[in-house]
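**Q** One structure, as structure tokens, below. Some questions next.
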Amino acid sequence: MAQVEIRNLGKVYPGKVRAVSGASADIADGEFIVLVGPSGCGKSTILRMIAGLEEVSEGDLFIGGDRVNDLEPGERDIAMVFQNYALYPHMTVRRNMEYGLRNEGLPKDQIAARIAEAARTLRLEEYLDRKPRQLSGGQRQRVAMGRAIVREPKAFLFDEPLSNLDAKLRTQLRAELRALHVRLGATFIYVTHDQVEAMSLADRIIVMNAGQIEQIGAPLELYQKPATRFVAEFIGTPAMNFVEARPVTAGLKIDLPEGASLPGPCAMVDQLAAPAHIGFRPEDLVLEPQDGAAGLRLDLQVMFAEQLGADTVIHARLAGQSDPVTIRVESAQNPAPGATMTAYAPNAALHVFDAATGQRL
Amino acid sequence: MVENRFYLTVLTHAVLITGVFFLCFPVWMALVASTHPASALSSTPIPLWFGDQGWENYSQLLSGGLPEAGGVPVGQMMLNSGLMALGITFGKIAVSVLAAYAIVYFRFPFRMVFFWLIFLTLMLPVEVRILPTYDVITKLGMLNSYQGLIIPLIASATATFLFRQFFMTIPDELVEAARIDRAGPLRFFWDILLPLSRTNIAALFIILFIYGWNQYLWPLIITSDESLYTVVMGIQRMVNSGEQLPVWHYIMGTAVLAMVPPVIVVVAMQKLFVKGLVESEK
Ligand SMILES: Nc1ncnc2c1ncn2[C@@H]1O[C@H](COP(=O)(O)OP(=O)(O)O)[C@@H](O)[C@H]1O
Ligand SMILES: [Mg+2]
């Protein structure tokens with residue numbers, strides 16, 4: 001077990017394809033860190049550089065304090081779990097888990113003890129003599145985790161390990177992973193494109209976009225104080241709503257799309273000097289004005305409503321912009337399409353981002 | 001519809017049975033002819049059922065030398081054929097699996113140049129390069145030797161290409177998992193790549209063994225020592241044995257014997273081969 005540090009990590013693939021640039025992060029010993037971002041943003045590339053499967057083009061990589069840029073994957077003392085399991089198809093479950101330990105030259109009795117322990121933890125005892133093809137997807141992924149556990153590595157790396165599984169199994173294995181992390185107390189570095197998975201698993205999340213790290217923080221921190229518009233939009237479902245605000249005469253009058261207005265004072269918006277995006281979460285919108293917190297008033301026309309059981313998501317149109325506004329309310333609400341409604345975003349729920357840079361203001 | 005089906009079934013079966021008949025008839029004739037004395041075969045009508053000379057004919061073939069075949073027992077010729085065929089088969093598989101391993105998994109200068117060079121040799125079968133190859137073998141002093149029979153036939157673009165295609169279907173993650181599990185290149189090859197190639201190797205074994213067993217031209221020009229004659233050559237020599245009448249009963253007997261090892265190989269390897277087709281282990 002060890003901390004992992006990446007410093008100004010960059011990756012340029014052959015053919016001058018730049019996948020990652022200037023990525024820095026400190027991952028503490030025993031931390032569960034999740035790299036999240038849309039497909040193609042460079043998450044796997046970072047993970048694979050940590051694993052040693054891709055050469056590091058720029059920057060430095062430390063595992064347990066040692067610079068490991070030039071070490072082979074087998075020498076870095078890490079274990080990895082892949083999306084498609086990557087089990088050795090001709091070996092039994094037991095042999096799959098043993099393989100790395102045998103190559104390390106561990107004594108037979110120790111190998112047996114570790115396998116027994118891992119099989120118990122992962123409830124794989126009855127399957128030890130089966131071949132991978134005789135197992136279900138969830139079981140295969142448990143074997144892959146077992147293969148990682150028995151190595152007792154400094155860090156566990158996961159590349160979208162649950163993406164090939166169906167929704168129910170995914171939820172179940174997510175809980176098992178979390179429990180495993182608590183039990184082992186080891187450093188987990190986990191890649192996913194699914195922000196819900198990231199939120200539910202992580203101690204801290206690294207949000208990536210187009211090869212760069214946008215923000216690093218605890219799940220709630222990212223939710224409550226997204227550092228950029230990208231993070232604000234990426235974290236949370238349904239996604240955050242935005243309206244555009246442009247100062248007409250600096251600091252005096254703010255131009256909002258038709259249908260949106262600021263009935264009272266709002267320091268953040270009133271002082272804008274440059275165009276900005278005002279964001280507010282669907283769950284923060286209320287249908288009655290709140291005393292003392294004037295906020296943003298939205299006059300909307302309902303497009304349709306999704307009744308999800310516990311709550312209802314209303315999709316509505318703001319006259320002055322093409323992007324719809326979504327509102328999450330209690331399930332009793334079921335407005336008819338075409339109806340008009342008014343919603344309010346309290347001042348405290350507004351997130352303001354510079355339109356040019358995307359940075360939080 | 002049902003009636004149509006019926007006639008279609010009859011028709012297709014009739015076609016298939018005719019085909020089987022044409023395929024099997026010569027084999028049947030060879031089997032029958034090998035059990036008759038020479039005289040029975042040079043007079044009409046040719047017998048269509050077994051004679052009573054089977055035992056004598058075969059024991060004569062296997063042990064005693066026939067003057068028509070240069071006095072070499074067929075057993076000796078079969079041994080030569082077997083050694084040559086096995087040598088070629090194992091050699092081809094070993095060389096091509098290693099070549100494919102290098103081409104697929106290692107980055108070395110001119111990798112693709114080598115691949116295309118190997119690929120180009122597909123266009124150069126033994127017959128085309130027979131003179132230069134003969135020259136090389138002569139200069140290496142390998143005329144009249146097993147090495148001379150086997151080595152020039154070992155290089156195989158086909159098998160290399162097949163293994164390459166197979167290796168490329170093995171997911172990269174498997175290679176990466178092995179690297180993380182501290183398997184070096186040789187371990188990976190032995191522990192993972194070879195076992196996964198098992199069924200491909202079995203299929204190639206069948207094809208290559210028959211290819212090796214049936215070689216005719218190359219053994220013919222490379223051997224003058226009768227003790228190195230192969231069974232395919234032996235048959236040819238018996239047919240062209242000069243003035244006398246061809247010894248058809250012996251020729252057919254030799255042909256039947258020559259069929260046995262390939263049949264054994266096919267039957268023995270078939271299980272693995274079919275298994276490979278049915279269950280995909282990737
Ligand atoms: N082996 C490679 N060669 C060239 N480009 C690559 C390679 N692997 C990934 N890329 C590119 O690098 C970028 C990041 O890829 P990746 O790290 O796999 O993204 P993801 O966040 O989906 O895991 C993508 O644009 C991808 O096309
Ligand atoms: Mg990926």
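Chain labels run A, B, ... following the order of the structure tokens; each chain numbers its residues from 1, and ligands are numbered from 1 in the order shown.
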Within 10 Å of ligand 2, counting only C-alpha atoms and all ligand atoms, which protein or nucleic acid residues do you find, written as a ChimeraX atom specification?

**A** /A:36-48,82-83,159-160,191-193

**Q** Take the residues just selected and output them with N, CA, C and O atoms as a PDB file, in the first residue's frame.

**A**
ATOM      1  N   VAL A  36     -12.889  10.407 -13.586  1.00  0.00           N
ATOM      2  CA  VAL A  36     -14.131  10.368 -14.337  1.00  0.00           C
ATOM      3  C   VAL A  36     -14.099  11.432 -15.425  1.00  0.00           C
ATOM      4  O   VAL A  36     -13.394  12.440 -15.300  1.00  0.00           O
ATOM      5  N   GLY A  37     -14.823  11.172 -16.499  1.00  0.00           N
ATOM      6  CA  GLY A  37     -14.846  12.124 -17.605  1.00  0.00           C
ATOM      7  C   GLY A  37     -15.483  11.450 -18.798  1.00  0.00           C
ATOM      8  O   GLY A  37     -15.648  10.233 -18.797  1.00  0.00           O
ATOM      9  N   PRO A  38     -15.838  12.232 -19.808  1.00  0.00           N
ATOM     10  CA  PRO A  38     -16.480  11.622 -20.976  1.00  0.00           C
ATOM     11  C   PRO A  38     -15.507  10.713 -21.722  1.00  0.00           C
ATOM     12  O   PRO A  38     -14.294  10.796 -21.504  1.00  0.00           O
ATOM     13  N   SER A  39     -16.050   9.874 -22.571  1.00  0.00           N
ATOM     14  CA  SER A  39     -15.231   8.935 -23.322  1.00  0.00           C
ATOM     15  C   SER A  39     -14.193   9.678 -24.162  1.00  0.00           C
ATOM     16  O   SER A  39     -14.502  10.694 -24.769  1.00  0.00           O
ATOM     17  N   GLY A  40     -12.954   9.185 -24.130  1.00  0.00           N
ATOM     18  CA  GLY A  40     -11.902   9.796 -24.941  1.00  0.00           C
ATOM     19  C   GLY A  40     -11.177  10.950 -24.282  1.00  0.00           C
ATOM     20  O   GLY A  40     -10.353  11.601 -24.907  1.00  0.00           O
ATOM     21  N   CYS A  41     -11.447  11.197 -22.989  1.00  0.00           N
ATOM     22  CA  CYS A  41     -10.830  12.359 -22.348  1.00  0.00           C
ATOM     23  C   CYS A  41      -9.448  12.038 -21.786  1.00  0.00           C
ATOM     24  O   CYS A  41      -8.771  12.920 -21.292  1.00  0.00           O
ATOM     25  N   GLY A  42      -9.034  10.779 -21.835  1.00  0.00           N
ATOM     26  CA  GLY A  42      -7.682  10.440 -21.400  1.00  0.00           C
ATOM     27  C   GLY A  42      -7.598   9.749 -20.054  1.00  0.00           C
ATOM     28  O   GLY A  42      -6.502   9.564 -19.524  1.00  0.00           O
ATOM     29  N   LYS A  43      -8.720   9.292 -19.518  1.00  0.00           N
ATOM     30  CA  LYS A  43      -8.700   8.612 -18.223  1.00  0.00           C
ATOM     31  C   LYS A  43      -7.880   7.326 -18.283  1.00  0.00           C
ATOM     32  O   LYS A  43      -6.981   7.095 -17.476  1.00  0.00           O
ATOM     33  N   SER A  44      -8.215   6.484 -19.280  1.00  0.00           N
ATOM     34  CA  SER A  44      -7.498   5.214 -19.384  1.00  0.00           C
ATOM     35  C   SER A  44      -6.028   5.452 -19.624  1.00  0.00           C
ATOM     36  O   SER A  44      -5.178   4.718 -19.115  1.00  0.00           O
ATOM     37  N   THR A  45      -5.727   6.492 -20.396  1.00  0.00           N
ATOM     38  CA  THR A  45      -4.324   6.768 -20.691  1.00  0.00           C
ATOM     39  C   THR A  45      -3.559   7.033 -19.398  1.00  0.00           C
ATOM     40  O   THR A  45      -2.465   6.497 -19.196  1.00  0.00           O
ATOM     41  N   ILE A  46      -4.125   7.843 -18.503  1.00  0.00           N
ATOM     42  CA  ILE A  46      -3.455   8.109 -17.224  1.00  0.00           C
ATOM     43  C   ILE A  46      -3.289   6.826 -16.427  1.00  0.00           C
ATOM     44  O   ILE A  46      -2.208   6.505 -15.926  1.00  0.00           O
ATOM     45  N   LEU A  47      -4.366   6.040 -16.359  1.00  0.00           N
ATOM     46  CA  LEU A  47      -4.306   4.801 -15.582  1.00  0.00           C
ATOM     47  C   LEU A  47      -3.249   3.861 -16.155  1.00  0.00           C
ATOM     48  O   LEU A  47      -2.487   3.236 -15.415  1.00  0.00           O
ATOM     49  N   ARG A  48      -3.201   3.787 -17.478  1.00  0.00           N
ATOM     50  CA  ARG A  48      -2.254   2.879 -18.120  1.00  0.00           C
ATOM     51  C   ARG A  48      -0.819   3.362 -17.970  1.00  0.00           C
ATOM     52  O   ARG A  48       0.113   2.557 -17.958  1.00  0.00           O
ATOM     53  N   PHE A  82      -9.430  -5.134 -15.640  1.00  0.00           N
ATOM     54  CA  PHE A  82      -9.813  -4.555 -16.930  1.00  0.00           C
ATOM     55  C   PHE A  82     -11.318  -4.657 -17.155  1.00  0.00           C
ATOM     56  O   PHE A  82     -12.001  -5.484 -16.562  1.00  0.00           O
ATOM     57  N   GLN A  83     -11.792  -3.833 -18.083  1.00  0.00           N
ATOM     58  CA  GLN A  83     -13.214  -3.846 -18.405  1.00  0.00           C
ATOM     59  C   GLN A  83     -13.675  -5.208 -18.919  1.00  0.00           C
ATOM     60  O   GLN A  83     -14.712  -5.708 -18.533  1.00  0.00           O
ATOM     61  N   ASP A 159      -9.984  -0.237 -14.647  1.00  0.00           N
ATOM     62  CA  ASP A 159     -10.401   0.510 -15.836  1.00  0.00           C
ATOM     63  C   ASP A 159     -11.817   0.092 -16.220  1.00  0.00           C
ATOM     64  O   ASP A 159     -12.015  -0.936 -16.846  1.00  0.00           O
ATOM     65  N   GLU A 160     -12.785   0.872 -15.841  1.00  0.00           N
ATOM     66  CA  GLU A 160     -14.200   0.620 -16.114  1.00  0.00           C
ATOM     67  C   GLU A 160     -14.591  -0.834 -15.864  1.00  0.00           C
ATOM     68  O   GLU A 160     -15.161  -1.488 -16.735  1.00  0.00           O
ATOM     69  N   VAL A 191     -11.207   4.061 -12.851  1.00  0.00           N
ATOM     70  CA  VAL A 191     -11.607   4.877 -14.001  1.00  0.00           C
ATOM     71  C   VAL A 191     -13.030   4.531 -14.397  1.00  0.00           C
ATOM     72  O   VAL A 191     -13.394   3.356 -14.455  1.00  0.00           O
ATOM     73  N   THR A 192     -13.839   5.541 -14.640  1.00  0.00           N
ATOM     74  CA  THR A 192     -15.185   5.294 -15.149  1.00  0.00           C
ATOM     75  C   THR A 192     -15.661   6.515 -15.913  1.00  0.00           C
ATOM     76  O   THR A 192     -15.156   7.618 -15.722  1.00  0.00           O
ATOM     77  N   HIS A 193     -16.624   6.310 -16.803  1.00  0.00           N
ATOM     78  CA  HIS A 193     -17.214   7.468 -17.481  1.00  0.00           C
ATOM     79  C   HIS A 193     -18.546   7.817 -16.826  1.00  0.00           C
ATOM     80  O   HIS A 193     -19.202   8.771 -17.197  1.00  0.00           O
TER      81      HIS A 193
END

**Q** Show me which bits of chain A are within 7 Å of chain B, counting only C-alpha atoms, as a list in words.

**A** Leu53, Pro73, Gly74, Ala79, Ala86, Leu87, Tyr88, Pro89, His90, Tyr99, Gly100 and Asn103 of chain A

**Q** Tell me which of A:Gln212, A:Gln134, A:Thr249, A:Asn164 sits closest to ligand 1, counting only C-alpha atoms and all ligand atoms.

**A**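 Looking at the shortest contact to ligand 1, the residue is A:Gln212.
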